[in-house]
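Trainee: So I've got this file, upload_29.tsv, and it contains TSV, C-alpha atoms:
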```tsv
chain	number	residue	atom	x	y	z
A	1	GLY	CA	0.00	0.00	0.00
A	2	ARG	CA	0.96	3.65	-0.34
A	3	ARG	CA	2.93	5.00	2.60
A	4	CYS	CA	2.09	8.54	3.51
A	5	VAL	CA	3.64	10.50	6.34
A	6	ARG	CA	1.43	12.54	8.61
A	7	LEU	CA	2.76	15.38	10.66
A	8	ALA	CA	0.83	16.37	13.76
A	9	GLU	CA	1.44	18.66	16.67
A	10	ARG	CA	-1.21	19.93	19.07
A	11	ALA	CA	-1.72	22.83	21.40
A	12	LEU	CA	-2.06	21.38	24.87
A	13	CYS	CA	-3.15	23.98	27.45
A	14	ASP	CA	-4.07	23.22	31.03
A	15	GLY	CA	-7.63	24.31	31.81
A	16	VAL	CA	-8.73	24.35	28.17
A	17	GLY	CA	-9.90	20.77	27.94
A	18	GLY	CA	-9.48	18.23	25.16
A	19	VAL	CA	-8.89	18.99	21.52
A	20	SER	CA	-9.87	17.06	18.44
A	21	ARG	CA	-7.30	14.76	16.90
A	22	PRO	CA	-6.28	14.05	13.31
A	23	ARG	CA	-7.61	10.73	12.06
A	24	GLY	CA	-6.66	9.44	8.68
A	25	THR	CA	-6.83	12.80	6.96
A	26	GLY	CA	-3.44	12.56	5.30
A	27	LYS	CA	-2.92	16.25	6.15
A	28	ALA	CA	-0.80	18.01	8.72
A	29	SER	CA	-2.72	19.59	11.54
A	30	ALA	CA	-1.89	23.17	12.45
A	31	VAL	CA	0.34	23.91	15.42
A	32	GLY	CA	-1.62	25.96	17.93
A	33	SER	CA	-0.36	29.45	18.70
A	34	SER	CA	-0.59	28.72	22.43
A	35	GLN	CA	1.98	25.96	22.07
A	36	ARG	CA	4.30	28.24	20.13
A	37	THR	CA	4.25	30.78	22.94
A	38	MET	CA	4.36	28.35	25.86
A	39	SER	CA	6.93	25.86	24.59
A	40	GLY	CA	10.69	25.97	24.74
A	41	GLY	CA	13.25	24.30	22.55
A	42	ASN	CA	13.29	20.80	24.04
A	43	LYS	CA	11.62	19.01	21.15
A	44	LEU	CA	11.93	15.57	19.61
A	45	LYS	CA	10.61	14.35	16.28
A	46	LEU	CA	9.24	10.80	16.53
A	47	ALA	CA	8.37	8.35	13.76
A	48	MET	CA	6.31	5.18	14.21
A	49	CYS	CA	6.67	2.87	11.19
A	50	GLN	CA	3.61	0.73	10.48
A	51	ILE	CA	5.00	-1.74	7.95
A	52	LEU	CA	3.50	-4.79	6.26
A	53	VAL	CA	5.04	-8.01	7.56
A	54	GLY	CA	4.87	-11.28	5.64
A	55	ALA	CA	6.48	-14.71	5.58
A	56	ASP	CA	9.70	-13.64	3.79
A	57	LYS	CA	12.19	-12.50	6.44
A	58	ALA	CA	14.56	-10.88	3.96
A	59	ALA	CA	11.69	-8.91	2.42
A	60	ASN	CA	10.54	-7.84	5.90
A	61	LEU	CA	14.01	-6.55	6.73
A	62	ALA	CA	14.21	-4.64	3.44
A	63	THR	CA	10.79	-3.08	4.06
A	64	ALA	CA	11.78	-2.06	7.56
A	65	ARG	CA	15.06	-0.55	6.41
A	66	GLN	CA	13.32	1.55	3.76
A	67	ALA	CA	10.75	2.78	6.29
A	68	ILE	CA	13.54	3.90	8.63
A	69	LYS	CA	15.29	5.71	5.79
A	70	ASP	CA	12.07	7.42	4.70
A	71	ALA	CA	11.30	8.55	8.25
A	72	ALA	CA	14.80	9.95	8.73
A	73	SER	CA	14.56	11.85	5.45
A	74	LYS	CA	11.58	13.71	6.93
A	75	GLY	CA	13.51	14.74	10.02
A	76	ALA	CA	12.71	11.94	12.46
A	77	GLN	CA	15.24	11.67	15.30
A	78	LEU	CA	13.80	8.61	17.05
A	79	VAL	CA	12.21	5.87	14.96
A	80	SER	CA	10.38	2.73	16.03
A	81	LEU	CA	9.47	-0.39	14.09
A	82	PRO	CA	6.49	-2.59	15.09
A	83	GLU	CA	6.37	-5.73	17.16
A	84	CYS	CA	7.59	-8.82	15.27
A	85	PHE	CA	8.77	-6.79	12.27
A	86	ASN	CA	10.79	-9.70	10.83
A	87	SER	CA	8.30	-12.50	11.46
A	88	PRO	CA	4.64	-13.41	11.20
A	89	TYR	CA	2.92	-12.98	14.56
A	90	ALA	CA	2.24	-16.66	15.25
A	91	THR	CA	3.39	-19.01	17.99
A	92	ASP	CA	4.69	-21.57	15.51
A	93	SER	CA	6.64	-18.87	13.63
A	94	PHE	CA	8.51	-17.52	16.66
A	95	PRO	CA	11.00	-20.42	16.98
A	96	GLU	CA	11.41	-20.60	13.19
A	97	TYR	CA	12.30	-16.92	12.77
A	98	ALA	CA	14.24	-16.58	16.03
A	99	GLU	CA	17.80	-15.22	16.05
A	100	THR	CA	20.37	-14.67	18.75
A	101	ILE	CA	21.10	-11.04	19.67
A	102	PRO	CA	24.66	-9.95	20.41
A	103	ALA	CA	25.59	-8.32	23.70
A	104	SER	CA	27.26	-5.48	21.77
A	105	ALA	CA	27.66	-4.30	18.19
A	106	SER	CA	31.28	-5.49	18.18
A	107	GLU	CA	30.07	-9.06	18.72
A	108	LEU	CA	27.64	-9.00	15.78
A	109	ASN	CA	27.56	-11.97	13.41
A	110	ALA	CA	25.63	-10.63	10.44
A	111	ASP	CA	25.03	-14.10	8.94
A	112	GLU	CA	23.46	-15.46	12.12
A	113	GLN	CA	21.92	-12.19	13.31
A	114	PRO	CA	20.61	-10.49	10.15
A	115	SER	CA	17.84	-8.54	11.90
A	116	THR	CA	20.18	-6.92	14.41
A	117	ALA	CA	22.69	-6.30	11.62
A	118	MET	CA	20.02	-4.42	9.64
A	119	LEU	CA	19.07	-2.33	12.67
A	120	ILE	CA	22.68	-1.32	13.34
A	121	ASP	CA	23.33	-0.44	9.70
A	122	ALA	CA	20.05	1.48	9.35
A	123	ALA	CA	20.57	3.49	12.53
A	124	LYS	CA	24.08	4.49	11.47
A	125	GLU	CA	23.04	5.24	7.90
A	126	SER	CA	20.08	7.40	8.94
A	127	LYS	CA	21.71	8.79	12.12
A	128	VAL	CA	18.65	8.10	14.28
A	129	TYR	CA	17.87	6.51	17.59
A	130	LEU	CA	16.19	3.28	16.51
A	131	ILE	CA	13.83	1.05	18.47
A	132	GLY	CA	13.85	-2.23	16.62
A	133	GLY	CA	10.20	-3.11	17.26
A	134	SER	CA	10.70	-6.69	18.32
A	135	ILE	CA	11.96	-9.97	16.93
A	136	PRO	CA	11.87	-13.52	18.26
A	137	GLU	CA	15.15	-13.89	20.14
A	138	LYS	CA	16.80	-17.27	20.66
A	139	ASP	CA	18.80	-17.66	23.86
A	140	GLY	CA	19.75	-21.17	24.90
A	141	ASP	CA	16.60	-23.27	24.97
A	142	GLY	CA	14.34	-20.23	25.27
A	143	VAL	CA	12.72	-17.89	22.77
A	144	PHE	CA	11.85	-14.33	23.80
A	145	ASN	CA	9.91	-11.47	22.20
A	146	THR	CA	12.69	-8.89	22.23
A	147	SER	CA	13.28	-5.27	21.26
A	148	VAL	CA	16.74	-3.83	20.62
A	149	VAL	CA	17.57	-0.12	20.77
A	150	VAL	CA	20.41	1.24	18.61
A	151	SER	CA	22.13	4.63	18.78
A	152	PRO	CA	22.91	6.83	15.75
A	153	GLU	CA	26.49	5.55	16.08
A	154	GLY	CA	25.34	1.94	15.78
A	155	GLU	CA	25.80	0.97	19.43
A	156	LEU	CA	23.31	-1.27	21.24
A	157	LEU	CA	21.79	0.88	23.98
A	158	ALA	CA	19.18	-1.45	25.45
A	159	LYS	CA	17.41	-4.77	25.05
A	160	HIS	CA	13.88	-5.37	26.32
A	161	ARG	CA	12.33	-8.80	26.56
A	162	LYS	CA	8.53	-8.68	26.69
A	163	VAL	CA	7.66	-8.99	30.37
A	164	HIS	CA	3.97	-9.91	30.11
A	165	LEU	CA	3.15	-12.72	27.69
A	166	PHE	CA	-0.02	-12.45	25.62
A	167	ASP	CA	-2.10	-15.39	26.86
A	168	ILE	CA	-5.80	-14.62	26.41
A	169	SER	CA	-9.04	-16.26	25.42
A	170	VAL	CA	-11.98	-14.05	24.40
A	171	PRO	CA	-15.11	-16.06	23.49
A	172	ASN	CA	-16.17	-15.43	19.91
A	173	GLY	CA	-13.09	-13.24	19.54
A	174	ILE	CA	-9.54	-14.51	19.82
A	175	THR	CA	-7.50	-17.12	21.64
A	176	PHE	CA	-3.74	-16.72	21.68
A	177	LYS	CA	-1.05	-18.12	23.96
A	178	GLU	CA	2.43	-16.70	23.51
A	179	SER	CA	3.69	-18.91	26.33
A	180	ASP	CA	3.28	-21.95	24.06
A	181	THR	CA	6.63	-21.01	22.50
A	182	LEU	CA	7.88	-17.84	24.24
A	183	SER	CA	9.47	-17.13	27.61
A	184	ALA	CA	8.93	-13.88	29.53
A	185	GLY	CA	11.54	-11.25	30.29
A	186	ASN	CA	12.07	-10.08	33.85
A	187	SER	CA	13.41	-6.54	33.76
A	188	ILE	CA	12.33	-2.94	33.29
A	189	THR	CA	14.00	-1.28	30.31
A	190	THR	CA	14.86	2.40	29.92
A	191	PHE	CA	17.53	4.18	27.93
A	192	ASP	CA	18.97	7.67	27.73
A	193	THR	CA	18.96	10.03	24.75
A	194	PRO	CA	20.03	13.70	24.52
A	195	PHE	CA	16.31	14.54	24.50
A	196	CYS	CA	15.00	12.55	27.46
A	197	LYS	CA	15.00	9.16	29.11
A	198	VAL	CA	12.77	6.69	27.22
A	199	GLY	CA	10.94	3.66	28.61
A	200	LEU	CA	10.30	0.59	26.49
A	201	GLY	CA	7.60	-2.06	26.61
A	202	ILE	CA	6.14	-4.48	24.07
A	203	CYS	CA	2.43	-4.76	23.25
A	204	TYR	CA	0.76	-6.60	26.18
A	205	ASP	CA	3.13	-4.75	28.54
A	206	LEU	CA	0.93	-1.70	27.80
A	207	ARG	CA	-1.93	-3.22	29.83
A	208	PHE	CA	0.02	-3.12	33.07
A	209	PRO	CA	0.05	0.34	34.68
A	210	GLN	CA	2.63	-0.75	37.24
A	211	LEU	CA	5.30	-1.07	34.55
A	212	GLY	CA	4.58	2.40	33.19
A	213	MET	CA	4.62	3.87	36.71
A	214	LEU	CA	8.01	2.35	37.44
A	215	MET	CA	9.46	3.69	34.17
A	216	ARG	CA	8.16	7.16	35.03
A	217	GLU	CA	9.77	6.85	38.46
A	218	GLN	CA	13.07	6.13	36.71
A	219	GLY	CA	12.79	9.52	34.98
A	220	CYS	CA	11.13	8.71	31.64
A	221	LYS	CA	9.24	11.39	29.71
A	222	LEU	CA	8.37	9.09	26.80
A	223	LEU	CA	7.19	5.48	26.74
A	224	VAL	CA	7.32	3.52	23.49
A	225	TYR	CA	5.39	0.28	22.99
A	226	PRO	CA	5.84	-1.60	19.71
A	227	GLY	CA	2.69	-3.70	19.65
A	228	ALA	CA	0.35	-5.82	17.57
A	229	PHE	CA	-3.12	-5.58	19.08
A	230	ASN	CA	-5.76	-7.40	17.03
A	231	THR	CA	-9.18	-6.66	15.63
A	232	THR	CA	-10.88	-7.99	18.78
A	233	THR	CA	-8.95	-6.09	21.46
A	234	GLY	CA	-7.74	-3.19	19.32
A	235	PRO	CA	-10.98	-1.25	18.77
A	236	PRO	CA	-11.98	-1.00	22.46
A	237	HIS	CA	-8.59	-0.95	24.18
A	238	TRP	CA	-5.62	0.13	22.00
A	239	GLU	CA	-6.14	3.89	22.09
A	240	LEU	CA	-7.70	3.80	25.56
A	241	LEU	CA	-4.66	2.15	27.11
A	242	GLN	CA	-2.23	4.54	25.44
A	243	ARG	CA	-4.14	7.56	26.68
A	244	ALA	CA	-4.42	6.02	30.14
A	245	ARG	CA	-0.68	5.40	30.43
A	246	ALA	CA	0.03	8.93	29.15
A	247	VAL	CA	-2.31	10.60	31.65
A	248	ASP	CA	-1.41	8.28	34.54
A	249	ASN	CA	2.26	9.12	34.19
A	250	GLN	CA	2.06	12.60	32.63
A	251	LEU	CA	4.32	11.76	29.69
A	252	TYR	CA	4.21	10.95	25.99
A	253	VAL	CA	3.25	7.46	24.80
A	254	ALA	CA	4.00	6.18	21.29
A	255	THR	CA	3.07	2.88	19.65
A	256	ALA	CA	4.13	1.15	16.43
A	257	SER	CA	1.92	-1.63	15.07
A	258	PRO	CA	2.36	-3.82	12.01
A	259	ALA	CA	0.04	-3.01	9.14
A	260	ARG	CA	-2.84	-5.41	8.67
A	261	ASN	CA	-1.93	-8.24	6.32
A	262	PRO	CA	-5.04	-9.77	4.73
A	263	GLU	CA	-3.09	-13.00	4.14
A	264	SER	CA	-2.20	-13.39	7.80
A	265	LYS	CA	-4.14	-15.55	10.24
A	266	TYR	CA	-3.51	-12.91	12.92
A	267	GLN	CA	-5.16	-9.64	11.94
A	268	ALA	CA	-3.32	-6.66	13.43
A	269	TRP	CA	-5.36	-3.63	14.41
A	270	GLY	CA	-2.77	-1.12	13.16
A	271	HIS	CA	-3.53	2.45	14.28
A	272	SER	CA	0.01	3.32	15.35
A	273	SER	CA	-0.27	6.45	17.47
A	274	ILE	CA	1.46	9.16	19.48
A	275	VAL	CA	-0.30	10.49	22.59
A	276	SER	CA	0.51	13.61	24.61
A	277	PRO	CA	0.82	13.82	28.41
A	278	TRP	CA	-2.54	15.65	28.34
A	279	GLY	CA	-4.10	12.54	26.80
A	280	ASP	CA	-4.61	13.86	23.26
A	281	VAL	CA	-3.87	11.62	20.28
A	282	ILE	CA	-1.59	13.94	18.32
A	283	ALA	CA	-0.84	11.49	15.50
A	284	THR	CA	-2.47	8.27	14.34
A	285	THR	CA	-3.37	6.30	11.23
A	286	GLU	CA	-5.60	3.43	10.09
A	287	HIS	CA	-4.49	-0.17	9.39
A	288	ASP	CA	-2.61	0.15	6.08
A	289	PRO	CA	1.18	0.60	5.72
A	290	ASP	CA	2.04	4.10	6.89
A	291	THR	CA	4.49	6.12	8.95
A	292	ILE	CA	3.30	8.68	11.47
A	293	ILE	CA	5.58	11.53	12.50
A	294	ALA	CA	5.07	14.10	15.22
A	295	GLU	CA	7.30	16.63	16.89
A	296	ILE	CA	6.76	16.41	20.63
A	297	ASP	CA	7.60	19.14	23.11
A	298	LEU	CA	9.18	17.59	26.19
A	299	ASN	CA	8.75	20.81	28.17
A	300	ARG	CA	5.03	19.97	28.23
A	301	VAL	CA	5.82	17.02	30.49
A	302	ASP	CA	7.38	19.32	33.07
A	303	GLU	CA	4.58	21.89	32.73
A	304	ILE	CA	1.81	19.37	33.23
A	305	ARG	CA	3.58	17.71	36.15
A	306	GLN	CA	3.99	21.13	37.76
A	307	ASN	CA	0.40	22.22	37.12
A	308	ILE	CA	-1.11	18.93	38.28
A	309	PRO	CA	1.50	17.66	40.77
A	310	ILE	CA	0.16	14.16	41.34
A	311	SER	CA	3.61	12.73	42.09
A	312	LYS	CA	3.87	15.06	45.11
A	313	GLN	CA	0.28	14.41	46.16
A	314	ALA	CA	0.38	10.61	45.94
A	315	ARG	CA	-0.55	8.99	49.27
A	316	LEU	CA	2.14	6.34	49.30
A	317	ASP	CA	1.50	5.90	53.02
A	318	ILE	CA	-1.86	4.26	52.32
A	319	TYR	CA	-1.34	2.56	48.94
A	320	SER	CA	-0.45	-1.07	48.69
A	321	PRO	CA	2.98	-1.52	47.13
A	322	VAL	CA	2.71	-1.65	43.35
A	323	SER	CA	4.22	-5.13	43.38
A	324	LEU	CA	1.26	-6.42	45.42
A	325	ILE	CA	-1.49	-5.04	43.20
A	326	HIS	CA	-3.60	-7.82	41.59
A	327	LYS	CA	-2.18	-10.54	43.85
```
As C-alpha cells, what does this structure read like?
Mentor:
Amino acid sequence: GRRCVRLAERALCDGVGGVSRPRGTGKASAVGSSQRTMSGGNKLKLAMCQILVGADKAANLATARQAIKDAASKGAQLVSLPECFNSPYATDSFPEYAETIPASASELNADEQPSTAMLIDAAKESKVYLIGGSIPEKDGDGVFNTSVVVSPEGELLAKHRKVHLFDISVPNGITFKESDTLSAGNSITTFDTPFCKVGLGICYDLRFPQLGMLMREQGCKLLVYPGAFNTTTGPPHWELLQRARAVDNQLYVATASPARNPESKYQAWGHSSIVSPWGDVIATTEHDPDTIIAEIDLNRVDEIRQNIPISKQARLDIYSPVSLIHK
C-alpha cells in the first residue's frame, strides 16, 4: 500500500480541555499558537513505522530498512518499528524466525543475526535513535519477544524482553497463547537520549500500569510500545490504554503496530499512534502501511507535572505496594 507521512502537533493547554485529533486525513494539523508561545526548545521528532510483515524474512528486513530511511529523510530523530517486524505474529513462527542477539555491536555476526545487523546499519546510515520493534530472540533453549535499541552511532543501547506474555481467550473473539513457545523477560528497560529518558515495553506490557509507573519513576518522559493488538482487542482498548498510560504518568506514549496483512491468520489492528501527556492523540493512522511523525515538546511534560502535581500528592502511606497489586 501507499505510505504517507502525517505530521501532527497539538496545542495542549491546562484548563482548556481536550482537543480534536487528526484521524486518517493525510494532512498536517496546524500547530496551535498557544503551544508556540508556551513551549521551549526541548523538542523531539518521533516516527512510528507501520509496515507490512509477511512470511519472507529478507523482504521484511528490506521493508523495515526503507521505512527507517524514509522517516529519517523527513527529520525523524527517534524511529520505532512494530512488534515482530521480521516475522509473522504466530506461535509456531517464533521459533522458526528466532535469532540470537549480540551483547554489543562489536560481537555481531551478520550471517546469524541479520535482523540486528540491519538495525545497526540502518541506525548508522540514517543517524537516528532506533527502536527495533521486536523480533523472536533465541537464547539457549528459550525464545523471547525482544526489542533492541540502537544509537545513531550503531551501538546497542538497550534490550527489552517482553515482560507480560499475551495469553488470552476471548469467546467469539480470539484465543492466543504466547507462552506456548515464548518465555517472559524479567526486567524494566529504559535508555537515555540527549532529549529525554525513554521507557520501552512491548504490546501486552501496555496493559500493566505498574510497569509504566516504574518507568516514570526512573525519569522517563516518553514510553514507546511496539505492539500488535488485534481486531478484537484493538478497537476498544488500544487507544484507551495509550491515553491512560500517558495521563497516569504525565508523559508521551508512542506505539508502532504492524500493518494489517489480509493473508495473515492474525489480523493486526494497526492504528500506530502518538499520545501527549494531556491525553490527546496527536498522530495516528488506520491499518494500512504508513508512517506517522510528530514533533513532541518535552517541556510539556514538566509543565503538566507542575500544574497537576500528582507525584507530590500521591498517598504512598496508604497505597499497597505496586508489586502487590492484583495478587
Trainee: Thr190 of chain A: which residues within 10 Å, counting only C-alpha atoms, same-chain residues fewer than 6 positions away excluded, as a list in words?
Mentor: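 Listed by chain and then number, they are Val149, Leu157, Ala158, Lys159, His160, Lys197, Val198, Gly199, Leu200, Gly201, Met215, Arg216, Gln218, Gly219, Cys220, Leu222, Leu223 and Val224 of chain A.
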Trainee: List the spatial neighbours of Gly234 of chain A as a count of residues only - criterion: any atom at most 9 Å away, all atoms listed in the file, same-chain residues fewer than 4 positions off excluded.
Mentor: 9
Trainee: Rounded to one decimal place, report the atom CA of Glu137 of chain A-atom CA of Ala259 of chain A distance in Å.
Mentor: 21.6 Å
Trainee: When distances are computed from only C-alpha atoms, which of A:Gln242, A:Gln50, A:Ser169, A:Gln267 shows the smallest separation from Asp205 of chain A?
Mentor: A:Gln242
Trainee: Which residue, A:Leu316, A:Asn249, A:Pro114, A:Cys196, has the smallest gap to Asn42 of chain A when you use only C-alpha atoms?
Mentor: A:Cys196
Trainee: Which of these, A:Pro235, A:Pro171, A:Pro102, A:Gly185, has the shortest distance to Val143 of chain A once you count all atoms listed in the file?
Mentor: A:Gly185
Trainee: What does the distance from atom CA of Gln250 of chain A to atom CA of Tyr225 of chain A come to in Å, to one decimal?
Mentor: 16.0 Å
Trainee: One number please: atom CA of Phe166 of chain A to atom CA of Arg207 of chain A, in Å, one decimal.
Mentor: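 One can read the atom CA of Phe166 of chain A to atom CA of Arg207 of chain A distance as 10.3 Å.
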Trainee: At a cut-off of 12 Å from (12.1, -17.5, 2.7) in the coordinates of the file, what residues are picked up using only C-alpha atoms, written as a list in words?
Mentor: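 Protein and nucleic acid residues near the point are Gly54, Ala55, Asp56, Lys57, Ala58, Ala59, Asn60, Leu61, Asn86, Ser87, Glu96 and Tyr97 of chain A.
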Trainee: Rank nothing, just name the residue among A:Ser179, A:Thr116, A:Thr193, A:Asn186 nearest to Asp92 of chain A, using only C-alpha atoms.
Mentor: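 Once distances to Asp92 of chain A are computed over only C-alpha atoms, the minimum belongs to A:Ser179.
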Trainee: When you count only C-alpha atoms, which of these residues is closest to Leu130 of chain A: A:Ser104, A:Ala76, A:Asp111, A:Gly142?
Mentor: A:Ala76
Trainee: When distances are computed from all atoms listed in the file, which of A:Lys69, A:Ala110, A:Ser320, A:Leu52 shows the smallest separation from Pro262 of chain A?
Mentor: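 Checking each of A:Lys69, A:Ala110, A:Ser320, A:Leu52 against Pro262 of chain A, counting all atoms listed in the file, the winner is A:Leu52.
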